[in-house]
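Enquirer: See coords.cif below, with mmCIF, C-alpha atoms (C1' of nucleotides) and all ligand atoms.
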data_structure
#
loop_
_atom_site.label_atom_id
_atom_site.label_comp_id
_atom_site.auth_asym_id
_atom_site.auth_seq_id
_atom_site.Cartn_x
_atom_site.Cartn_y
_atom_site.Cartn_z
CA MET E 30 13.81 -25.81 1.94
CA GLU E 31 11.31 -25.18 4.66
CA LEU E 32 12.22 -24.69 8.29
CA GLU E 33 10.22 -27.77 9.17
CA ASP E 34 12.14 -29.98 6.76
CA ILE E 35 15.51 -28.72 7.88
CA LEU E 36 14.64 -29.39 11.47
CA ARG E 37 13.14 -32.80 10.80
CA GLU E 38 16.16 -33.81 8.75
CA ARG E 39 18.23 -33.46 11.87
CA ASP E 40 15.62 -34.87 14.21
CA PHE E 41 14.56 -31.61 15.75
CA ARG E 42 10.93 -30.82 16.36
CA LEU E 43 9.12 -27.89 14.89
CA THR E 44 7.81 -26.10 17.94
CA ARG E 45 6.05 -22.85 18.42
CA PRO E 46 9.04 -20.93 19.83
CA ARG E 47 11.17 -22.05 16.89
CA ARG E 48 8.49 -21.13 14.40
CA VAL E 49 7.95 -17.68 15.85
CA VAL E 50 11.63 -16.81 16.30
CA TRP E 51 12.32 -17.84 12.74
CA ASP E 52 9.36 -15.81 11.45
CA VAL E 53 10.50 -12.72 13.32
CA LEU E 54 14.00 -13.02 11.92
CA SER E 55 13.02 -13.69 8.35
CA GLU E 56 10.43 -10.97 8.24
CA SER E 57 12.79 -8.35 9.58
CA GLU E 58 14.59 -6.05 7.19
CA ARG E 59 17.46 -5.52 9.55
CA HIS E 60 19.69 -7.12 12.14
CA LEU E 61 17.98 -7.64 15.49
CA SER E 62 19.45 -7.94 18.94
CA ALA E 63 18.41 -10.83 21.15
CA ALA E 64 16.39 -8.38 23.22
CA GLU E 65 14.56 -7.07 20.16
CA ILE E 66 13.80 -10.58 19.01
CA ALA E 67 12.53 -11.57 22.43
CA GLU E 68 10.36 -8.49 22.52
CA GLU E 69 8.77 -9.13 19.14
CA VAL E 70 8.35 -12.83 19.88
CA HIS E 71 6.65 -11.96 23.11
CA ARG E 72 4.35 -9.59 21.25
CA ARG E 73 3.25 -12.43 18.98
CA ASP E 74 3.01 -14.99 21.74
CA PRO E 75 3.40 -13.84 25.34
CA GLY E 76 3.73 -17.44 26.43
CA ILE E 77 7.13 -17.89 24.85
CA ASN E 78 9.96 -17.49 27.29
CA VAL E 79 13.21 -15.60 26.75
CA SER E 80 15.28 -18.66 27.41
CA SER E 81 13.56 -20.40 24.52
CA VAL E 82 14.49 -17.50 22.30
CA TYR E 83 18.13 -17.92 23.25
CA ARG E 84 17.98 -21.68 22.82
CA THR E 85 16.36 -21.28 19.43
CA LEU E 86 18.90 -18.75 18.22
CA ALA E 87 21.69 -21.13 19.19
CA LEU E 88 20.00 -23.97 17.35
CA LEU E 89 19.28 -22.00 14.19
CA ALA E 90 22.86 -20.76 14.15
CA GLU E 91 24.06 -24.33 14.50
CA LEU E 92 21.92 -25.24 11.49
CA ASP E 93 23.37 -22.27 9.57
CA LEU E 94 19.93 -20.77 9.17
CA VAL E 95 20.81 -17.60 11.01
CA ARG E 96 24.03 -15.74 11.56
CA GLU E 97 25.20 -13.80 14.55
CA SER E 98 27.02 -10.56 13.80
CA ARG E 99 29.35 -8.95 16.28
CA LEU E 100 29.39 -5.54 14.68
CA THR E 101 29.16 -3.49 17.84
CA GLU E 102 29.16 -4.27 21.56
CA THR E 103 25.83 -6.08 21.38
CA SER E 104 25.60 -8.86 18.84
CA THR E 105 22.75 -9.04 16.36
CA TRP E 106 20.96 -11.76 14.43
CA GLU E 107 19.59 -12.19 10.94
CA PRO E 108 18.93 -14.97 8.43
CA ALA E 109 22.17 -16.29 6.98
CA HIS E 110 23.45 -14.61 3.84
CA ALA E 111 26.42 -14.85 1.51
CA ASP E 112 29.65 -13.32 2.75
CA ALA E 113 30.02 -11.16 -0.36
CA VAL E 114 27.28 -9.12 1.28
CA ILE E 115 29.26 -6.92 3.62
CA HIS E 116 28.14 -4.69 6.47
CA LEU E 117 28.33 -0.93 6.49
CA VAL E 118 27.87 0.52 9.96
CA CYS E 119 27.36 4.26 10.29
CA GLU E 120 29.44 5.66 13.14
CA ASN E 121 27.00 8.50 13.51
CA CYS E 122 23.49 7.09 13.44
CA GLY E 123 24.34 3.44 14.02
CA ALA E 124 22.44 2.19 10.98
CA THR E 125 23.66 -1.07 9.50
CA ARG E 126 23.37 -1.63 5.76
CA HIS E 127 24.14 -4.50 3.46
CA HIS E 128 26.31 -3.96 0.43
CA ASP E 129 27.44 -6.34 -2.23
CA ALA E 130 31.18 -6.06 -2.74
CA ALA E 131 32.46 -7.91 -5.77
CA LEU E 132 36.01 -7.59 -4.52
CA VAL E 133 35.39 -9.99 -1.66
CA GLU E 134 35.91 -12.88 -4.03
CA ASP E 135 39.22 -11.43 -5.17
CA LEU E 136 40.16 -10.95 -1.55
CA ARG E 137 39.43 -14.60 -0.90
CA ALA E 138 41.71 -15.58 -3.75
CA GLU E 139 44.44 -13.24 -2.57
CA ILE E 140 44.36 -14.72 0.90
CA ALA E 141 44.42 -18.28 -0.36
CA ARG E 142 47.37 -17.41 -2.58
CA THR E 143 49.49 -15.36 -0.21
CA ALA E 144 48.63 -16.44 3.32
CA ASP E 145 49.04 -20.21 3.58
CA PHE E 146 45.50 -20.28 4.87
CA SER E 147 42.35 -21.80 3.45
CA PRO E 148 39.57 -19.22 3.83
CA SER E 149 35.98 -20.28 4.29
CA VAL E 150 33.94 -17.31 5.51
CA ILE E 151 34.99 -13.71 5.07
CA ASP E 152 33.38 -11.12 7.24
CA VAL E 153 33.80 -7.52 6.21
CA ARG E 154 32.62 -4.84 8.58
CA VAL E 155 33.01 -1.27 7.41
CA SER E 156 32.47 1.63 9.72
CA GLY E 157 32.10 5.11 8.33
CA THR E 158 29.48 7.69 7.52
CA CYS E 159 26.27 6.93 5.68
CA ALA E 160 24.67 9.17 3.08
CA LYS E 161 22.13 10.52 5.53
CA CYS E 162 24.83 11.65 7.94
CA PRO E 163 27.06 14.24 6.24
CA ALA E 164 30.59 14.18 7.63
CA VAL E 165 31.02 16.86 10.26
CA SER E 166 33.70 19.34 9.28
CA ALA E 167 36.81 19.68 11.43
CA ALA E 168 36.83 22.42 14.04
CA PRO E 169 38.28 25.73 12.71
CA MET Z 25 55.27 8.97 20.91
CA GLU Z 26 55.50 7.56 24.40
CA LEU Z 27 52.52 6.43 26.42
CA GLU Z 28 53.33 9.10 29.00
CA ASP Z 29 53.24 11.90 26.45
CA ILE Z 30 50.03 10.75 24.90
CA LEU Z 31 48.37 10.62 28.27
CA ARG Z 32 49.77 13.94 29.44
CA GLU Z 33 48.69 15.61 26.23
CA ARG Z 34 45.12 14.84 27.17
CA ASP Z 35 45.59 15.53 30.88
CA PHE Z 36 45.59 11.94 31.98
CA ARG Z 37 48.07 10.71 34.55
CA LEU Z 38 50.53 7.97 33.96
CA THR Z 39 49.70 5.53 36.71
CA ARG Z 40 50.97 2.10 37.53
CA PRO Z 41 47.86 0.23 36.30
CA ARG Z 42 48.01 2.07 32.99
CA ARG Z 43 51.72 1.42 32.62
CA VAL Z 44 51.40 -2.28 33.34
CA VAL Z 45 48.33 -2.89 31.18
CA TRP Z 46 50.02 -1.14 28.28
CA ASP Z 47 53.23 -3.13 28.77
CA VAL Z 48 51.34 -6.39 28.80
CA LEU Z 49 49.52 -5.53 25.59
CA SER Z 50 52.50 -4.25 23.69
CA GLU Z 51 54.74 -7.12 24.71
CA SER Z 52 52.23 -9.72 23.65
CA GLU Z 53 52.48 -11.32 20.24
CA ARG Z 54 48.80 -12.06 20.08
CA HIS Z 55 45.34 -10.81 20.94
CA LEU Z 56 44.51 -11.12 24.63
CA SER Z 57 41.15 -11.38 26.34
CA ALA Z 58 40.37 -9.10 29.26
CA ALA Z 59 40.76 -12.09 31.57
CA GLU Z 60 44.20 -12.91 30.17
CA ILE Z 61 45.29 -9.31 30.52
CA ALA Z 62 44.05 -9.13 34.09
CA GLU Z 63 45.85 -12.37 34.88
CA GLU Z 64 49.17 -11.21 33.50
CA VAL Z 65 48.79 -7.77 35.09
CA HIS Z 66 48.12 -9.41 38.41
CA ARG Z 67 51.22 -11.55 37.97
CA ARG Z 68 53.32 -8.44 37.55
CA ASP Z 69 51.62 -6.51 40.30
CA PRO Z 70 49.11 -8.30 42.50
CA GLY Z 71 47.96 -4.95 43.86
CA ILE Z 72 46.32 -3.91 40.63
CA ASN Z 73 42.60 -4.54 40.57
CA VAL Z 74 40.56 -5.99 37.73
CA SER Z 75 38.36 -2.94 37.55
CA SER Z 76 41.42 -0.82 36.83
CA VAL Z 77 42.29 -3.14 33.99
CA TYR Z 78 38.85 -2.59 32.48
CA ARG Z 79 39.04 1.14 33.04
CA THR Z 80 42.45 1.28 31.44
CA LEU Z 81 41.39 -0.73 28.42
CA ALA Z 82 38.50 1.64 27.86
CA LEU Z 83 40.80 4.63 28.15
CA LEU Z 84 43.48 3.26 25.84
CA ALA Z 85 40.82 2.38 23.29
CA GLU Z 86 39.47 5.91 23.54
CA LEU Z 87 42.97 7.19 22.84
CA ASP Z 88 43.24 4.82 19.87
CA LEU Z 89 46.23 3.12 21.43
CA VAL Z 90 44.59 -0.27 21.58
CA ARG Z 91 41.84 -1.89 19.58
CA GLU Z 92 39.17 -4.29 20.66
CA SER Z 93 38.43 -7.15 18.28
CA ARG Z 94 35.19 -9.07 18.32
CA LEU Z 95 36.41 -12.06 16.38
CA THR Z 96 34.74 -14.74 18.46
CA GLU Z 97 32.34 -14.77 21.40
CA THR Z 98 34.88 -13.18 23.75
CA SER Z 99 36.46 -9.95 22.59
CA THR Z 100 40.20 -9.51 22.57
CA TRP Z 101 42.65 -6.63 22.82
CA GLU Z 102 45.89 -5.63 21.16
CA PRO Z 103 47.81 -2.47 20.28
CA ALA Z 104 46.14 -0.61 17.44
CA HIS Z 105 47.21 -1.49 13.91
CA ALA Z 106 46.32 -0.51 10.36
CA ASP Z 107 43.14 -2.00 8.96
CA ALA Z 108 44.93 -3.41 5.93
CA VAL Z 109 46.19 -5.97 8.44
CA ILE Z 110 43.36 -8.46 8.48
CA HIS Z 111 42.60 -11.32 10.86
CA LEU Z 112 42.72 -14.96 9.95
CA VAL Z 113 41.01 -17.14 12.53
CA CYS Z 114 41.47 -20.90 12.31
CA GLU Z 115 38.18 -22.71 12.84
CA ASN Z 116 40.04 -25.75 14.03
CA CYS Z 117 42.71 -24.61 16.48
CA GLY Z 118 41.40 -21.11 17.15
CA ALA Z 119 44.70 -19.42 16.34
CA THR Z 120 44.44 -15.82 15.15
CA ARG Z 121 46.97 -14.50 12.68
CA HIS Z 122 47.61 -11.18 11.05
CA HIS Z 123 47.88 -10.88 7.30
CA ASP Z 124 48.48 -7.91 5.11
CA ALA Z 125 45.93 -7.81 2.31
CA ALA Z 126 46.69 -5.25 -0.37
CA LEU Z 127 43.15 -5.56 -1.73
CA VAL Z 128 41.68 -3.89 1.33
CA GLU Z 129 42.55 -0.53 -0.15
CA ASP Z 130 40.80 -1.44 -3.40
CA LEU Z 131 37.84 -2.60 -1.38
CA ARG Z 132 37.71 0.75 0.37
CA ALA Z 133 37.68 2.50 -2.98
CA GLU Z 134 35.00 0.18 -4.34
CA ILE Z 135 32.76 0.87 -1.36
CA ALA Z 136 33.23 4.62 -1.57
CA ARG Z 137 32.42 4.47 -5.26
CA THR Z 138 29.44 2.13 -5.27
CA ALA Z 139 27.82 2.37 -1.86
CA ASP Z 140 27.04 6.02 -1.13
CA PHE Z 141 28.95 5.53 2.08
CA SER Z 142 32.16 7.08 3.30
CA PRO Z 143 34.29 4.26 4.79
CA SER Z 144 36.70 4.93 7.61
CA VAL Z 145 37.76 1.64 9.18
CA ILE Z 146 37.49 -1.70 7.42
CA ASP Z 147 37.59 -4.80 9.53
CA VAL Z 148 38.17 -8.07 7.72
CA ARG Z 149 37.80 -11.26 9.66
CA VAL Z 150 38.50 -14.47 7.78
CA SER Z 151 37.69 -17.83 9.24
CA GLY Z 152 39.11 -20.95 7.68
CA THR Z 153 41.82 -23.51 8.17
CA CYS Z 154 45.42 -22.62 8.96
CA ALA Z 155 48.46 -24.37 7.54
CA LYS Z 156 48.98 -26.42 10.69
CA CYS Z 157 45.45 -27.81 10.56
CA PRO Z 158 44.97 -29.80 7.34
CA ALA Z 159 41.36 -29.72 6.18
CA VAL Z 160 39.49 -32.86 7.23
CA SER Z 161 38.14 -34.78 4.25
CA ALA Z 162 34.41 -35.23 3.89
CA ALA Z 163 32.87 -38.45 5.18
CA PRO Z 164 32.72 -41.25 2.55
"C1'" DG H 21 61.26 17.93 49.42
"C1'" DA H 22 56.74 18.85 51.59
"C1'" DA H 23 52.16 20.52 50.76
"C1'" DT H 24 48.10 20.87 47.86
"C1'" DG H 25 44.39 19.74 44.67
"C1'" DT H 26 42.46 16.44 41.86
"C1'" DA H 27 42.41 12.30 39.06
"C1'" DT H 28 42.58 7.61 39.91
"C1'" DT H 29 42.47 3.50 42.41
"C1'" DG H 30 40.99 -0.75 45.21
"C1'" DC H 31 37.32 -2.75 47.10
"C1'" DG H 32 32.86 -4.90 47.35
"C1'" DA H 33 28.56 -4.66 45.97
"C1'" DA H 34 25.38 -4.26 42.13
"C1'" DC H 35 24.17 -5.15 37.52
"C1'" DG H 36 22.16 -7.39 33.48
"C1'" DG H 37 22.37 -10.37 29.84
"C1'" DT H 38 22.72 -15.25 29.25
"C1'" DT H 39 22.64 -19.98 30.85
"C1'" DT H 40 21.03 -23.86 33.53
"C1'" DG H 41 18.36 -27.54 36.21
"C1'" DC H 42 14.21 -29.41 36.55
"C1'" DA H 43 9.40 -30.68 36.52
"C1'" DA H 44 5.59 -29.88 33.41
"C1'" DG H 45 4.20 -29.80 28.66
"C1'" DA H 46 3.87 -30.78 23.83
"C1'" DG H 47 5.69 -32.73 19.26
"C1'" DG H 48 5.89 -36.82 16.35
"C1'" DC H 49 4.78 -41.54 15.36
"C1'" DC H 50 2.25 -45.81 15.79
"C1'" DG B 29 -5.52 -41.60 21.65
"C1'" DG B 30 -1.17 -43.35 23.81
"C1'" DC B 31 3.49 -43.47 24.14
"C1'" DC B 32 8.22 -41.81 24.28
"C1'" DT B 33 11.26 -38.25 24.13
"C1'" DC B 34 12.44 -33.65 23.14
"C1'" DT B 35 11.40 -29.05 24.50
"C1'" DT B 36 9.70 -25.65 27.19
"C1'" DG B 37 8.63 -22.22 31.07
"C1'" DC B 38 10.15 -20.83 35.22
"C1'" DA B 39 13.25 -19.15 38.61
"C1'" DA B 40 17.54 -19.42 40.22
"C1'" DA B 41 22.42 -19.31 39.27
"C1'" DC B 42 26.10 -17.48 36.65
"C1'" DC B 43 29.71 -14.47 35.46
"C1'" DG B 44 31.99 -10.85 33.15
"C1'" DT B 45 31.68 -6.04 33.61
"C1'" DT B 46 30.43 -1.73 35.82
"C1'" DC B 47 29.73 1.37 39.73
"C1'" DG B 48 29.93 4.15 44.15
"C1'" DC B 49 32.84 5.65 47.38
"C1'" DA B 50 36.47 6.50 50.62
"C1'" DA B 51 41.42 6.00 50.39
"C1'" DT B 52 45.48 6.73 47.53
"C1'" DA B 53 48.91 8.57 44.59
"C1'" DC B 54 49.94 11.41 40.73
"C1'" DA B 55 51.44 16.08 39.16
"C1'" DT B 56 52.21 20.70 40.30
"C1'" DT B 57 53.43 24.49 43.21
"C1'" DC B 58 55.90 26.42 46.70
MN MN D 201 23.80 -8.98 7.49
MN MN D 202 45.02 -7.69 15.24
ZN ZN D 203 24.29 7.48 9.44
ZN ZN D 204 44.62 -24.08 12.92
#
What do you get writing this file as structure tokens?
Ligand SMILES: [Mn+2]
Ligand SMILES: [Mn+2]
Ligand SMILES: [Zn+2]
Ligand SMILES: [Zn+2]

Expert:
Amino acid sequence: MELEDILRERDFRLTRPRRVVWDVLSESERHLSAAEIAEEVHRRDPGINVSSVYRTLALLAELDLVRESRLTETSTWEPAHADAVIHLVCENCGATRHHDAALVEDLRAEIARTADFSPSVIDVRVSGTCAKCPAVSAAP
Amino acid sequence: MELEDILRERDFRLTRPRRVVWDVLSESERHLSAAEIAEEVHRRDPGINVSSVYRTLALLAELDLVRESRLTETSTWEPAHADAVIHLVCENCGATRHHDAALVEDLRAEIARTADFSPSVIDVRVSGTCAKCPAVSAAP
DNA sequence: GAATGTATTGCGAACGGTTTGCAAGAGGCC
DNA sequence: GGCCTCTTGCAAACCGTTCGCAATACATTC
């Protein structure tokens, strides 16, 4: 469904700030911080204010169109995706990757079975070392 | 090992703010926000300043004695624990529980095998509905 | 136990990202 | 186009956290 339809369905207007913020997010290959989004939005339309970026992010999150990740100290934004897609964060270079982990579904079942808890969203954040950053050997 | 020894080993002094912050954290059953920690610390010793609480939290985290969780918008603190202990956050009442999920180890293996990534710490955050908060039925 | 050297603290001010109040502006609908 | 209302830009307020610095208090030595 189009952004416009989703907004209209809930009686929100399709405005330029919303359009541009959404475009920036959906065209990006990676998670973006609020500052990065504001910067790119401003590049495309200098007339759009930072506060509108924040307001739009809050709205899109409310509509489940985007998700906010709190992987590190600064939170980042991206279009919503399934929770079986987990996040690998390299401790060395900071790169964040997506990875599809089949076991997440099993984990969901395990929790439902053993925890007296009804899971909805599972968020798996894995820190470690990416392929480009060979593990540094221990000091001699 | 005692807090004092761990500090001394790295040439840090055992001071009253550090002692009290650590006591508050280790005596608590649940995650605490920085504000809650500062409040309780101040109750025990009104002479201890908020900035010392922040400095101590940073130090204890550096020493891997405490961990910072970014489960919701405000981050929370607790004594460090194994990453097989995952976090269940109730969407309704906000309660955070610990749960031991055996599958986390399998997940680690799966990632190492399929992702070209060397995992160190896995952080699983599950939102859902706890036993005390029966799921609300959908509107008719 | 006092003296010494240095890490650490309390304090208040600064910081910076986010939020807010409000008048001006622009969607959507007829 | 005209109307109504939602949304925006702007600038100020907010607020949790950090910082600089002189005063303090640890730990060590005598
Ligand atoms: Mn993602
Ligand atoms: Mn925990
Ligand atoms: Zn890397
Ligand atoms: Zn609950």

Enquirer: Taking all atoms listed in the file and a cut-off of 9 Å, can you tell me which residues surround ligand MN 202 (chain D), written as JSON, numbers by chain?

Expert: {"Z": [54, 55, 91, 92, 93, 100, 101, 102, 103, 104, 105, 106, 107, 109, 110, 111, 120, 121, 122]}

Enquirer: For the selection just defined, write its residues with C-alpha atoms to a file, as a PDB file, in the frame of the given file.

Expert:
ATOM      1  CA  ARG Z  54      48.800 -12.060  20.080  1.00  0.00           C
ATOM      2  CA  HIS Z  55      45.340 -10.810  20.940  1.00  0.00           C
ATOM      3  CA  ARG Z  91      41.840  -1.890  19.580  1.00  0.00           C
ATOM      4  CA  GLU Z  92      39.170  -4.290  20.660  1.00  0.00           C
ATOM      5  CA  SER Z  93      38.430  -7.150  18.280  1.00  0.00           C
ATOM      6  CA  THR Z 100      40.200  -9.510  22.570  1.00  0.00           C
ATOM      7  CA  TRP Z 101      42.650  -6.630  22.820  1.00  0.00           C
ATOM      8  CA  GLU Z 102      45.890  -5.630  21.160  1.00  0.00           C
ATOM      9  CA  PRO Z 103      47.810  -2.470  20.280  1.00  0.00           C
ATOM     10  CA  ALA Z 104      46.140  -0.610  17.440  1.00  0.00           C
ATOM     11  CA  HIS Z 105      47.210  -1.490  13.910  1.00  0.00           C
ATOM     12  CA  ALA Z 106      46.320  -0.510  10.360  1.00  0.00           C
ATOM     13  CA  ASP Z 107      43.140  -2.000   8.960  1.00  0.00           C
ATOM     14  CA  VAL Z 109      46.190  -5.970   8.440  1.00  0.00           C
ATOM     15  CA  ILE Z 110      43.360  -8.460   8.480  1.00  0.00           C
ATOM     16  CA  HIS Z 111      42.600 -11.320  10.860  1.00  0.00           C
ATOM     17  CA  THR Z 120      44.440 -15.820  15.150  1.00  0.00           C
ATOM     18  CA  ARG Z 121      46.970 -14.500  12.680  1.00  0.00           C
ATOM     19  CA  HIS Z 122      47.610 -11.180  11.050  1.00  0.00           C
TER      20      HIS Z 122
END

Enquirer: Out of Z:Ile146, Z:Val45, Z:Cys157, Z:Val113, which residue has the shortest atom-to-atom distance to ligand ZN 204 (chain D) when counting only C-alpha atoms and all ligand atoms?

Expert: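 Checking each of Z:Ile146, Z:Val45, Z:Cys157, Z:Val113 against ligand ZN 204 (chain D), counting only C-alpha atoms and all ligand atoms, the winner is Z:Cys157.
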
Enquirer: Taking into account only C-alpha atoms, which residue in the set Z:Ala126, Z:Cys114, Z:Ile61, Z:Ala136 is nearest to Val74 of chain Z?

Expert: Z:Ile61

Enquirer: All in-order C-alpha pairs, least squares, chain Z moved onto chain E. Output the fitted coordinates as a short mmCIF file (atom, residue, chain, number, x, y, z; two decimals) with C-alpha atoms, in the frame of the given file, please.

Expert:
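Final output, saved to selection-v2.cif:
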data_model
loop_
_atom_site.label_atom_id
_atom_site.label_comp_id
_atom_site.auth_asym_id
_atom_site.auth_seq_id
_atom_site.Cartn_x
_atom_site.Cartn_y
_atom_site.Cartn_z
CA MET Z 25 13.69 -25.74 1.85
CA GLU Z 26 11.20 -25.09 4.61
CA LEU Z 27 12.15 -24.62 8.23
CA GLU Z 28 10.12 -27.71 9.11
CA ASP Z 29 12.03 -29.91 6.68
CA ILE Z 30 15.39 -28.67 7.77
CA LEU Z 31 14.55 -29.37 11.37
CA ARG Z 32 13.00 -32.76 10.68
CA GLU Z 33 15.99 -33.78 8.62
CA ARG Z 34 18.10 -33.47 11.73
CA ASP Z 35 15.47 -34.89 14.07
CA PHE Z 36 14.48 -31.63 15.63
CA ARG Z 37 10.84 -30.80 16.25
CA LEU Z 38 9.08 -27.84 14.82
CA THR Z 39 7.80 -26.10 17.90
CA ARG Z 40 6.02 -22.84 18.42
CA PRO Z 41 9.04 -20.97 19.84
CA ARG Z 42 11.15 -22.05 16.89
CA ARG Z 43 8.46 -21.09 14.41
CA VAL Z 44 7.95 -17.66 15.91
CA VAL Z 45 11.63 -16.81 16.35
CA TRP Z 46 12.29 -17.79 12.76
CA ASP Z 47 9.33 -15.74 11.51
CA VAL Z 48 10.50 -12.70 13.39
CA LEU Z 49 14.00 -12.98 11.96
CA SER Z 50 12.99 -13.63 8.39
CA GLU Z 51 10.38 -10.89 8.34
CA SER Z 52 12.77 -8.30 9.66
CA GLU Z 53 14.59 -6.00 7.27
CA ARG Z 54 17.47 -5.49 9.62
CA HIS Z 55 19.72 -7.13 12.19
CA LEU Z 56 18.02 -7.66 15.54
CA SER Z 57 19.52 -7.99 18.99
CA ALA Z 58 18.48 -10.88 21.20
CA ALA Z 59 16.48 -8.43 23.30
CA GLU Z 60 14.63 -7.10 20.25
CA ILE Z 61 13.87 -10.62 19.09
CA ALA Z 62 12.60 -11.63 22.51
CA GLU Z 63 10.44 -8.51 22.63
CA GLU Z 64 8.83 -9.13 19.27
CA VAL Z 65 8.42 -12.85 19.99
CA HIS Z 66 6.71 -12.00 23.24
CA ARG Z 67 4.41 -9.61 21.40
CA ARG Z 68 3.31 -12.41 19.12
CA ASP Z 69 3.06 -14.99 21.86
CA PRO Z 70 3.47 -13.88 25.45
CA GLY Z 71 3.79 -17.51 26.51
CA ILE Z 72 7.17 -17.95 24.91
CA ASN Z 73 10.04 -17.57 27.33
CA VAL Z 74 13.28 -15.69 26.79
CA SER Z 75 15.35 -18.77 27.41
CA SER Z 76 13.60 -20.49 24.51
CA VAL Z 77 14.52 -17.57 22.31
CA TYR Z 78 18.18 -18.01 23.23
CA ARG Z 79 17.99 -21.76 22.77
CA THR Z 80 16.36 -21.33 19.39
CA LEU Z 81 18.91 -18.80 18.21
CA ALA Z 82 21.70 -21.19 19.12
CA LEU Z 83 19.98 -24.01 17.28
CA LEU Z 84 19.25 -22.01 14.14
CA ALA Z 85 22.83 -20.79 14.09
CA GLU Z 86 24.01 -24.37 14.40
CA LEU Z 87 21.85 -25.24 11.41
CA ASP Z 88 23.31 -22.28 9.50
CA LEU Z 89 19.87 -20.75 9.13
CA VAL Z 90 20.77 -17.59 10.98
CA ARG Z 91 24.02 -15.77 11.54
CA GLU Z 92 25.21 -13.84 14.52
CA SER Z 93 27.04 -10.59 13.79
CA ARG Z 94 29.36 -8.95 16.26
CA LEU Z 95 29.39 -5.54 14.65
CA THR Z 96 29.15 -3.48 17.81
CA GLU Z 97 29.16 -4.23 21.53
CA THR Z 98 25.85 -6.11 21.37
CA SER Z 99 25.62 -8.91 18.84
CA THR Z 100 22.78 -9.08 16.38
CA TRP Z 101 20.96 -11.78 14.43
CA GLU Z 102 19.58 -12.19 10.94
CA PRO Z 103 18.91 -14.95 8.43
CA ALA Z 104 22.14 -16.28 6.97
CA HIS Z 105 23.45 -14.60 3.83
CA ALA Z 106 26.45 -14.87 1.53
CA ASP Z 107 29.67 -13.33 2.79
CA ALA Z 108 30.07 -11.20 -0.32
CA VAL Z 109 27.30 -9.15 1.29
CA ILE Z 110 29.26 -6.92 3.62
CA HIS Z 111 28.12 -4.68 6.47
CA LEU Z 112 28.30 -0.93 6.46
CA VAL Z 113 27.82 0.53 9.91
CA CYS Z 114 27.29 4.28 10.23
CA GLU Z 115 29.36 5.71 13.07
CA ASN Z 116 26.92 8.55 13.42
CA CYS Z 117 23.41 7.10 13.34
CA GLY Z 118 24.29 3.46 13.94
CA ALA Z 119 22.38 2.20 10.91
CA THR Z 120 23.63 -1.08 9.45
CA ARG Z 121 23.33 -1.67 5.73
CA HIS Z 122 24.14 -4.52 3.42
CA HIS Z 123 26.31 -4.01 0.38
CA ASP Z 124 27.46 -6.40 -2.25
CA ALA Z 125 31.20 -6.08 -2.76
CA ALA Z 126 32.51 -7.96 -5.77
CA LEU Z 127 36.08 -7.60 -4.50
CA VAL Z 128 35.43 -9.98 -1.62
CA GLU Z 129 35.97 -12.88 -3.97
CA ASP Z 130 39.28 -11.43 -5.12
CA LEU Z 131 40.21 -10.92 -1.50
CA ARG Z 132 39.49 -14.56 -0.80
CA ALA Z 133 41.76 -15.57 -3.65
CA GLU Z 134 44.50 -13.19 -2.50
CA ILE Z 135 44.42 -14.65 1.00
CA ALA Z 136 44.50 -18.23 -0.22
CA ARG Z 137 47.43 -17.36 -2.45
CA THR Z 138 49.55 -15.27 -0.10
CA ALA Z 139 48.68 -16.33 3.43
CA ASP Z 140 49.13 -20.10 3.72
CA PHE Z 141 45.59 -20.17 5.02
CA SER Z 142 42.47 -21.73 3.59
CA PRO Z 143 39.66 -19.15 3.95
CA SER Z 144 36.08 -20.24 4.41
CA VAL Z 145 34.00 -17.29 5.59
CA ILE Z 146 35.03 -13.68 5.13
CA ASP Z 147 33.37 -11.09 7.28
CA VAL Z 148 33.79 -7.48 6.23
CA ARG Z 149 32.59 -4.81 8.58
CA VAL Z 150 32.97 -1.23 7.39
CA SER Z 151 32.40 1.68 9.68
CA GLY Z 152 32.02 5.15 8.26
CA THR Z 153 29.40 7.72 7.44
CA CYS Z 154 26.19 6.93 5.59
CA ALA Z 155 24.59 9.14 2.97
CA LYS Z 156 22.04 10.50 5.42
CA CYS Z 157 24.74 11.65 7.83
CA PRO Z 158 26.96 14.24 6.13
CA ALA Z 159 30.49 14.17 7.52
CA VAL Z 160 31.02 16.88 10.13
CA SER Z 161 33.78 19.29 9.14
CA ALA Z 162 36.85 19.56 11.31
CA ALA Z 163 36.97 22.32 13.91
CA PRO Z 164 38.50 25.60 12.61
#

Enquirer: Mind listing the residues within 9 Å of ligand ZN 204 (chain D), all atoms listed in the file counted, as number ranges by chain?

Expert: E: 146; Z: 113-120, 152-158

Enquirer: Identify every residue of chain E that has at least one atom within 9 Å of any atom of chain H, counting all atoms listed in the file, and report the result as a count of residues only.

Expert: 5

Enquirer: Would you work out the distance separating atom CA of His66 of chain Z from atom CA of Arg99 of chain E, expressed in Å to one decimal?

Expert: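 About the pair atom CA of His66 of chain Z and atom CA of Arg99 of chain E: they are 29.0 Å apart.
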
Enquirer: Which one is closest to chain E: Z:Glu28, Z:Glu97, Z:Glu60, Z:Glu86? Count all atoms listed in the file.

Expert: Z:Glu97

Enquirer: Edge lengths and centre in Å to one decimal, as lines of an AutoDock Vina configuration file, of the axis-aligned box that encloses all listed atoms of segment 41-48 of chain E with 6 Å added on every side?

Expert:
center_x = 10.3
center_y = -26.3
center_z = 17.1
size_x = 20.5
size_y = 22.7
size_z = 17.4

Enquirer: At most 12 Å is the cut-off: for each residue in chain Z with any atom that close to an atom of ligand ZN 203 (chain D), write down the nearest atom pair and the distance in Å rounded to one decimal, counting all atoms listed in the file, chain first then increasing number, as a tab-separated table.

Expert:
residue	atom	partner	partner_atom	distance
Z:Asp140	CA	D:ZN203	ZN	11.0
Z:Phe141	CA	D:ZN203	ZN	8.9
Z:Ser142	CA	D:ZN203	ZN	10.0
Z:Pro143	CA	D:ZN203	ZN	11.5
